[in-house]
Structures are given as structure tokens and as C-alpha cells.
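Next comes upload.cif, with mmCIF, C-alpha atoms.
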data_data
#
loop_
_atom_site.group_PDB
_atom_site.id
_atom_site.type_symbol
_atom_site.label_atom_id
_atom_site.label_comp_id
_atom_site.auth_asym_id
_atom_site.auth_seq_id
_atom_site.Cartn_x
_atom_site.Cartn_y
_atom_site.Cartn_z
ATOM 1 C CA MET A 331 -28.900 249.612 40.988
ATOM 2 C CA PRO A 332 -29.364 251.243 37.566
ATOM 3 C CA LEU A 333 -27.241 254.218 36.620
ATOM 4 C CA ILE A 334 -29.015 257.505 37.375
ATOM 5 C CA PRO A 335 -29.056 259.842 34.332
ATOM 6 C CA ALA A 336 -27.505 263.307 34.643
ATOM 7 C CA PRO A 337 -29.988 265.896 36.015
ATOM 8 C CA LYS A 338 -30.781 267.381 32.564
ATOM 9 C CA ASP A 339 -31.201 263.890 31.065
ATOM 10 C CA GLN A 340 -33.965 262.797 33.431
ATOM 11 C CA TRP A 341 -37.392 262.622 31.765
ATOM 12 C CA TYR A 342 -40.575 261.451 33.496
ATOM 13 C CA VAL A 343 -44.179 260.758 32.566
ATOM 14 C CA VAL A 344 -46.537 262.573 34.945
ATOM 15 C CA HIS A 345 -50.149 261.393 35.233
ATOM 16 C CA VAL A 346 -52.614 264.300 35.439
ATOM 17 C CA LEU A 347 -56.390 264.655 35.441
ATOM 18 C CA SER A 348 -57.682 263.945 31.946
ATOM 19 C CA GLY A 349 -58.610 267.131 30.121
ATOM 20 C CA GLN A 350 -56.439 269.200 32.495
ATOM 21 C CA GLU A 351 -53.096 268.682 30.707
ATOM 22 C CA ASN A 352 -52.702 272.267 29.432
ATOM 23 C CA LYS A 353 -53.972 273.758 32.689
ATOM 24 C CA VAL A 354 -51.458 271.728 34.719
ATOM 25 C CA ARG A 355 -48.629 272.577 32.288
ATOM 26 C CA ASN A 356 -49.501 276.291 32.524
ATOM 27 C CA SER A 357 -49.576 276.031 36.316
ATOM 28 C CA PHE A 358 -46.142 274.373 36.271
ATOM 29 C CA GLU A 359 -44.744 277.084 33.997
ATOM 30 C CA ARG A 360 -46.084 279.930 36.191
ATOM 31 C CA ARG A 361 -44.787 278.270 39.350
ATOM 32 C CA ILE A 362 -41.358 277.451 37.826
ATOM 33 C CA GLU A 363 -40.873 281.175 37.361
ATOM 34 C CA SER A 364 -42.445 282.447 40.599
ATOM 35 C CA GLU A 365 -40.806 279.795 42.804
ATOM 36 C CA GLU A 366 -37.469 279.949 40.943
ATOM 37 C CA MET A 367 -37.441 276.255 40.019
ATOM 38 C CA SER A 368 -35.817 276.530 36.571
ATOM 39 C CA ASP A 369 -32.620 275.009 37.990
ATOM 40 C CA VAL A 370 -34.436 271.669 38.566
ATOM 41 C CA ILE A 371 -37.503 271.742 36.244
ATOM 42 C CA PHE A 372 -36.289 272.138 32.666
ATOM 43 C CA GLU A 373 -39.205 271.378 30.329
ATOM 44 C CA VAL A 374 -42.903 270.430 30.513
ATOM 45 C CA LEU A 375 -44.524 268.975 27.373
ATOM 46 C CA VAL A 376 -48.096 268.150 26.400
ATOM 47 C CA PRO A 377 -47.549 265.979 23.298
ATOM 48 C CA THR A 378 -50.016 266.976 20.574
ATOM 49 C CA GLU A 379 -50.580 266.204 16.917
ATOM 50 C CA ARG A 380 -52.251 268.221 14.197
ATOM 51 C CA VAL A 381 -55.372 266.593 12.775
ATOM 52 C CA SER A 382 -57.597 267.607 9.921
ATOM 53 C CA GLU A 383 -61.224 266.723 9.480
ATOM 54 C CA VAL A 384 -64.169 267.641 7.359
ATOM 55 C CA LYS A 385 -67.427 268.635 9.023
ATOM 56 C CA LYS A 386 -70.417 269.640 6.933
ATOM 57 C CA GLY A 387 -68.207 270.021 3.879
ATOM 58 C CA LYS A 388 -65.696 272.327 5.604
ATOM 59 C CA ARG A 389 -62.123 271.249 6.233
ATOM 60 C CA SER A 390 -60.708 272.242 9.622
ATOM 61 C CA GLU A 391 -57.467 271.625 11.457
ATOM 62 C CA SER A 392 -57.026 271.202 15.199
ATOM 63 C CA LYS A 393 -54.559 269.891 17.748
ATOM 64 C CA ARG A 394 -55.204 266.669 19.629
ATOM 65 C CA LYS A 395 -53.301 265.277 22.585
ATOM 66 C CA PHE A 396 -51.795 261.897 21.780
ATOM 67 C CA PHE A 397 -51.079 260.947 25.406
ATOM 68 C CA PRO A 398 -54.307 262.190 27.045
ATOM 69 C CA GLY A 399 -53.931 262.408 30.821
ATOM 70 C CA TYR A 400 -50.116 262.678 30.747
ATOM 71 C CA LEU A 401 -47.370 265.289 30.646
ATOM 72 C CA ILE A 402 -43.739 264.623 29.831
ATOM 73 C CA MET A 403 -41.300 266.431 32.138
ATOM 74 C CA ASN A 404 -37.566 266.965 31.945
ATOM 75 C CA MET A 405 -36.491 267.548 35.531
ATOM 76 C CA HIS A 406 -33.845 266.793 38.141
ATOM 77 C CA LEU A 407 -35.794 264.414 40.376
ATOM 78 C CA LEU A 408 -33.254 261.757 41.386
ATOM 79 C CA ASN A 409 -29.866 262.498 42.917
ATOM 80 C CA ASP A 410 -26.710 260.460 42.191
ATOM 81 C CA GLU A 411 -27.613 257.897 44.863
ATOM 82 C CA GLY A 412 -31.137 257.386 43.482
ATOM 83 C CA GLY A 413 -32.837 259.398 46.231
ATOM 84 C CA LEU A 414 -35.528 261.964 45.533
ATOM 85 C CA VAL A 415 -34.685 265.636 45.156
ATOM 86 C CA ASP A 416 -37.298 266.966 47.589
ATOM 87 C CA ARG A 417 -37.720 270.359 45.892
ATOM 88 C CA SER A 418 -38.694 268.725 42.577
ATOM 89 C CA TRP A 419 -40.776 265.959 44.149
ATOM 90 C CA TYR A 420 -42.953 268.302 46.206
ATOM 91 C CA PHE A 421 -43.173 270.845 43.402
ATOM 92 C CA VAL A 422 -44.815 268.209 41.173
ATOM 93 C CA GLN A 423 -46.869 266.474 43.889
ATOM 94 C CA GLU A 424 -48.326 269.739 45.226
ATOM 95 C CA THR A 425 -49.516 270.951 41.826
ATOM 96 C CA HIS A 426 -53.303 270.890 41.468
ATOM 97 C CA GLY A 427 -54.384 268.301 38.870
ATOM 98 C CA VAL A 428 -51.365 265.995 39.273
ATOM 99 C CA ILE A 429 -52.152 262.353 40.100
ATOM 100 C CA GLY A 430 -48.556 261.151 40.274
ATOM 101 C CA PHE A 431 -45.723 259.709 38.267
ATOM 102 C CA ALA A 432 -46.796 257.117 35.700
ATOM 103 C CA GLY A 433 -45.979 253.494 36.409
ATOM 104 C CA THR A 434 -44.764 254.013 39.965
ATOM 105 C CA LYS A 435 -46.168 254.666 43.391
ATOM 106 C CA ASN A 436 -43.534 256.758 45.154
ATOM 107 C CA ASN A 437 -40.407 255.723 43.230
ATOM 108 C CA PRO A 438 -40.300 257.625 39.943
ATOM 109 C CA ILE A 439 -38.162 255.957 37.306
ATOM 110 C CA PRO A 440 -36.622 258.135 34.588
ATOM 111 C CA MET A 441 -37.320 257.145 30.994
ATOM 112 C CA ARG A 442 -34.488 255.361 29.191
ATOM 113 C CA PRO A 443 -32.451 257.552 26.808
ATOM 114 C CA ARG A 444 -33.698 255.656 23.728
ATOM 115 C CA GLU A 445 -37.326 256.047 24.937
ATOM 116 C CA VAL A 446 -36.775 259.791 25.353
ATOM 117 C CA GLU A 447 -35.174 260.076 21.920
ATOM 118 C CA SER A 448 -38.008 258.120 20.296
ATOM 119 C CA MET A 449 -40.690 260.094 22.147
ATOM 120 C CA LEU A 450 -39.186 263.498 21.279
ATOM 121 C CA LEU A 451 -38.869 262.461 17.623
ATOM 122 C CA GLN A 452 -42.490 261.253 17.621
ATOM 123 C CA ILE A 453 -43.665 264.556 19.168
ATOM 124 C CA LYS A 454 -41.748 266.561 16.543
ATOM 125 C CA GLU A 455 -43.076 264.448 13.640
ATOM 126 C CA ARG A 456 -46.670 264.597 14.851
ATOM 127 C CA GLU A 457 -46.572 268.354 15.361
ATOM 128 C CA GLU A 458 -45.121 268.933 11.882
ATOM 129 C CA SER A 459 -47.422 266.668 9.864
ATOM 130 C CA ILE A 460 -51.177 266.801 9.706
ATOM 131 C CA LYS A 461 -52.941 263.538 10.410
ATOM 132 C CA PRO A 462 -56.475 263.075 9.109
ATOM 133 C CA ARG A 463 -59.095 262.498 11.789
ATOM 134 C CA ILE A 464 -61.188 259.563 10.661
ATOM 135 C CA ALA A 465 -64.387 259.346 12.631
ATOM 136 C CA PHE A 466 -65.677 256.215 10.947
ATOM 137 C CA ASP A 467 -65.615 252.489 11.723
ATOM 138 C CA VAL A 468 -65.210 249.393 9.577
ATOM 139 C CA GLY A 469 -68.672 248.090 8.652
ATOM 140 C CA GLU A 470 -70.283 251.510 8.902
ATOM 141 C CA THR A 471 -72.632 252.639 6.120
ATOM 142 C CA ILE A 472 -71.662 256.030 4.679
ATOM 143 C CA LYS A 473 -72.508 258.308 1.774
ATOM 144 C CA VAL A 474 -69.876 259.353 -0.758
ATOM 145 C CA SER A 475 -69.787 263.172 -0.794
ATOM 146 C CA ASP A 476 -67.215 263.829 -3.524
ATOM 147 C CA GLY A 477 -65.885 262.260 -6.704
ATOM 148 C CA PRO A 478 -67.398 259.988 -9.354
ATOM 149 C CA PHE A 479 -69.489 258.067 -6.794
ATOM 150 C CA GLU A 480 -70.942 261.191 -5.170
ATOM 151 C CA SER A 481 -74.211 260.673 -3.248
ATOM 152 C CA GLN A 482 -73.902 256.867 -3.455
ATOM 153 C CA PRO A 483 -74.135 254.827 -0.261
ATOM 154 C CA GLY A 484 -71.267 252.530 0.654
ATOM 155 C CA VAL A 485 -69.903 250.344 3.432
ATOM 156 C CA ILE A 486 -66.447 250.876 4.928
ATOM 157 C CA GLU A 487 -64.302 247.748 4.526
ATOM 158 C CA GLU A 488 -60.866 249.030 5.633
ATOM 159 C CA ILE A 489 -59.385 252.183 7.192
ATOM 160 C CA ASP A 490 -55.797 253.366 6.752
ATOM 161 C CA GLN A 491 -55.359 255.969 9.511
ATOM 162 C CA GLU A 492 -51.871 257.016 8.421
ATOM 163 C CA LYS A 493 -52.783 257.737 4.793
ATOM 164 C CA GLY A 494 -56.270 259.001 5.636
ATOM 165 C CA THR A 495 -57.887 256.652 3.138
ATOM 166 C CA LEU A 496 -60.762 254.210 3.389
ATOM 167 C CA LEU A 497 -61.672 251.216 1.275
ATOM 168 C CA VAL A 498 -65.404 251.582 0.657
ATOM 169 C CA SER A 499 -67.675 249.084 -1.050
ATOM 170 C CA VAL A 500 -70.067 250.889 -3.407
ATOM 171 C CA THR A 501 -72.539 249.331 -5.806
ATOM 172 C CA VAL A 502 -71.549 249.679 -9.468
ATOM 173 C CA PHE A 503 -73.822 248.046 -12.069
ATOM 174 C CA GLY A 504 -75.507 246.029 -9.339
ATOM 175 C CA ARG A 505 -72.240 244.653 -7.897
ATOM 176 C CA PRO A 506 -70.364 245.692 -4.754
ATOM 177 C CA THR A 507 -67.061 247.275 -5.856
ATOM 178 C CA PRO A 508 -64.244 248.309 -3.508
ATOM 179 C CA VAL A 509 -63.151 251.928 -4.022
ATOM 180 C CA GLU A 510 -60.356 253.757 -2.194
ATOM 181 C CA LEU A 511 -61.516 257.174 -1.007
ATOM 182 C CA GLU A 512 -59.945 259.996 0.997
ATOM 183 C CA HIS A 513 -61.407 260.613 4.450
ATOM 184 C CA TRP A 514 -62.904 263.914 3.323
ATOM 185 C CA GLN A 515 -64.776 262.309 0.393
ATOM 186 C CA ILE A 516 -67.308 260.567 2.600
ATOM 187 C CA GLU A 517 -69.815 261.551 5.252
ATOM 188 C CA LYS A 518 -72.036 259.761 7.718
ATOM 189 C CA GLU A 519 -75.279 258.558 6.213
ATOM 190 C CA GLU A 520 -78.288 260.337 7.636
#

Give the structure from this file in C-alpha cells form.
Amino acid sequence: MPLIPAPKDQWYVVHVLSGQENKVRNSFERRIESEEMSDVIFEVLVPTERVSEVKKGKRSESKRKFFPGYLIMNMHLLNDEGGLVDRSWYFVQETHGVIGFAGTKNNPIPMRPREVESMLLQIKEREESIKPRIAFDVGETIKVSDGPFESQPGVIEEIDQEKGTLLVSVTVFGRPTPVELEHWQIEKEE
């Protein structure tokens, strides 16, 4: 039998109704206080990332969930023998919007310490940096909206999500020429 992590080192992925992540988290937080559960439920996270996009020439920033349909919970759910801590189990199961624990039927398995470390680092990095939202596909015809090729049509050849750049083929002197553009320098062709 695997070693059970200490109560404060137990992290679980909880499957919730898609689009209800914040509502379920808020419900958990209210109930943790009203039902005095802070001794067994330590933290409830909805992992998000900041994304920027340009719509109709205006740059905007928003938050997007990067594990839609899931919450990450730090809670004392398994005792030293691997049995369920009933208070925690029923607290989660009886919360409106919860489907269950990810990857298991009725036997929740805590995440491994290195998975937790990696996930928490990823959450921190994604919340601190702004990722461009690229709403285009390879092969799509677009119009360049900024720069030396402004108002020229082009075809997307490659997308680099991390850098927020696209390799676009535009026609220069009658020849298709690949040009690297920022995500905000192009728009959908109408």
C-alpha cells in the first residue's frame, strides 16, 4: 500500500460541472467557515491564467481557466490507514455542482508531491504572465491590421501560442512571402 501523505500534504483533483468552478469554490469557502471545516479543508483552487486578446482593435485582458471542469483541493481526506475521513468526504460529495474526485470512483488518490509542486508552480507562472489568446487556425485566411503589410490578406502557416506570434504568408511582388506577426497585428477576414 502506498504511503499516505500527511493531512496538509494531501491534494486532490475534484471534477465539477463545467462553467461552475467559481460557484463551487465559493460554496466550499462559505461552507468551510459556517461548518467549521478549516481543520480538514485547507485550500480550494480554480487554476486560471491571464490572457490578452485584441477585439475590434482594442486590447483586453481576461482570466481563463486552464483546467475547465476541475478544482484543486488541499484537504485531509485519507487517514493513516488509507481510509476516508468521513467529514471531508461528505463535505465534498454533498456540495452542489461536484461530480466527484477525478480519476477514481470512490477511492480518491492524493496527487504525488512532485505533481503538486509542478501544478502549483504552473498556476503561479500562469497567473503572473499574460498569455496571448490566439483565436486563429493554421490555414485560415486573415487580414493584416497593423504594420508594413496592413490591409493585405494572408494565410496562417504556423502559430506559436507561447510567444503569441504567427507565421503568415502574404503576397509581396506577386510571390507568397512568410512574415512573422504578433497576434494583435491580424484580424479575421470579413

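Atom CA of A:Val415 sits 17.7 Å away from atom CA of A:Val428.
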
Would you list the contacts of A:Glu458 as a VMD selection string, taking every protein, DNA or RNA residue within 12 Å and counting all atoms listed in the file, but skipping same-chain residues closer than 5 positions in sequence?
-> chain A and resid 378 to 381 393 451 to 453

Can those selected residues be exported to a file as a compact mmCIF listing (two decimals), in the coordinates of the input so that it contains C-alpha atoms?
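Saved to part-v9.txt:
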# COMPACT_ATOMS: atom_id res chain seq x y z
CA THR A 378 -50.02 266.98 20.57
CA GLU A 379 -50.58 266.20 16.92
CA ARG A 380 -52.25 268.22 14.20
CA VAL A 381 -55.37 266.59 12.78
CA LYS A 393 -54.56 269.89 17.75
CA LEU A 451 -38.87 262.46 17.62
CA GLN A 452 -42.49 261.25 17.62
CA ILE A 453 -43.66 264.56 19.17

Near-A:Asp467 list (8 Å; all atoms listed in the file; drop same-chain fewer than 3 positions) as a PyMOL selection string = chain A and resi 470+486+489

Within 12 Å of A:Lys388, counting all atoms listed in the file, which residues qualify if same-chain residues fewer than 6 places away don't, as JSON, numbers by chain?
-> {"A": [382, 475, 514, 515, 517]}

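Residues having any atom no farther than 10 Å from (-57.0, 268.2, 29.8) (counting all atoms listed in the file) are Val346, Leu347, Ser348, Gly349, Gln350, Glu351, Asn352, Lys353, Val354, Arg355, Val376, Lys395, Pro398, Gly399, Tyr400 and Gly427 of chain A.
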
Export of the given selection (C-alpha atoms) as a short mmCIF file (atom, residue, chain, number, x, y, z; two decimals), in the frame of the given file:
data_model
loop_
_atom_site.label_atom_id
_atom_site.label_comp_id
_atom_site.auth_asym_id
_atom_site.auth_seq_id
_atom_site.Cartn_x
_atom_site.Cartn_y
_atom_site.Cartn_z
CA VAL A 346 -52.61 264.30 35.44
CA LEU A 347 -56.39 264.65 35.44
CA SER A 348 -57.68 263.94 31.95
CA GLY A 349 -58.61 267.13 30.12
CA GLN A 350 -56.44 269.20 32.49
CA GLU A 351 -53.10 268.68 30.71
CA ASN A 352 -52.70 272.27 29.43
CA LYS A 353 -53.97 273.76 32.69
CA VAL A 354 -51.46 271.73 34.72
CA ARG A 355 -48.63 272.58 32.29
CA VAL A 376 -48.10 268.15 26.40
CA LYS A 395 -53.30 265.28 22.58
CA PRO A 398 -54.31 262.19 27.04
CA GLY A 399 -53.93 262.41 30.82
CA TYR A 400 -50.12 262.68 30.75
CA GLY A 427 -54.38 268.30 38.87
#

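The interatomic distance for the pair atom CA of A:Glu488 and atom CA of A:Lys473 works out to 15.4 Å.
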
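Remark: for A:Phe396, the closest of the candidate residues A:Asn436, A:Leu496, A:Phe466, A:Glu457 is A:Glu457 (distances computed over only C-alpha atoms).
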
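Proximity to A:Ile439 was assessed for A:Leu408, A:Ile464, A:Leu375, A:Val370 counting all atoms listed in the file; the smallest distance is recorded for A:Leu408.
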
Just say which residues the PyMOL selection byres ((chain A and resi 339) around 8) picks in this file, as a ChimeraX atom specification.
-> /A:335-338,340-341,404-405,443

Can you work out the spacing between atom CA of A:Gln482 and atom CA of A:Thr501 in Å, to one decimal?
-> 8.0 Å

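Proximity of A:Phe358, A:Thr507, A:Phe397, A:Glu391 to A:Met449, computed with only C-alpha atoms, is greatest for A:Phe397.
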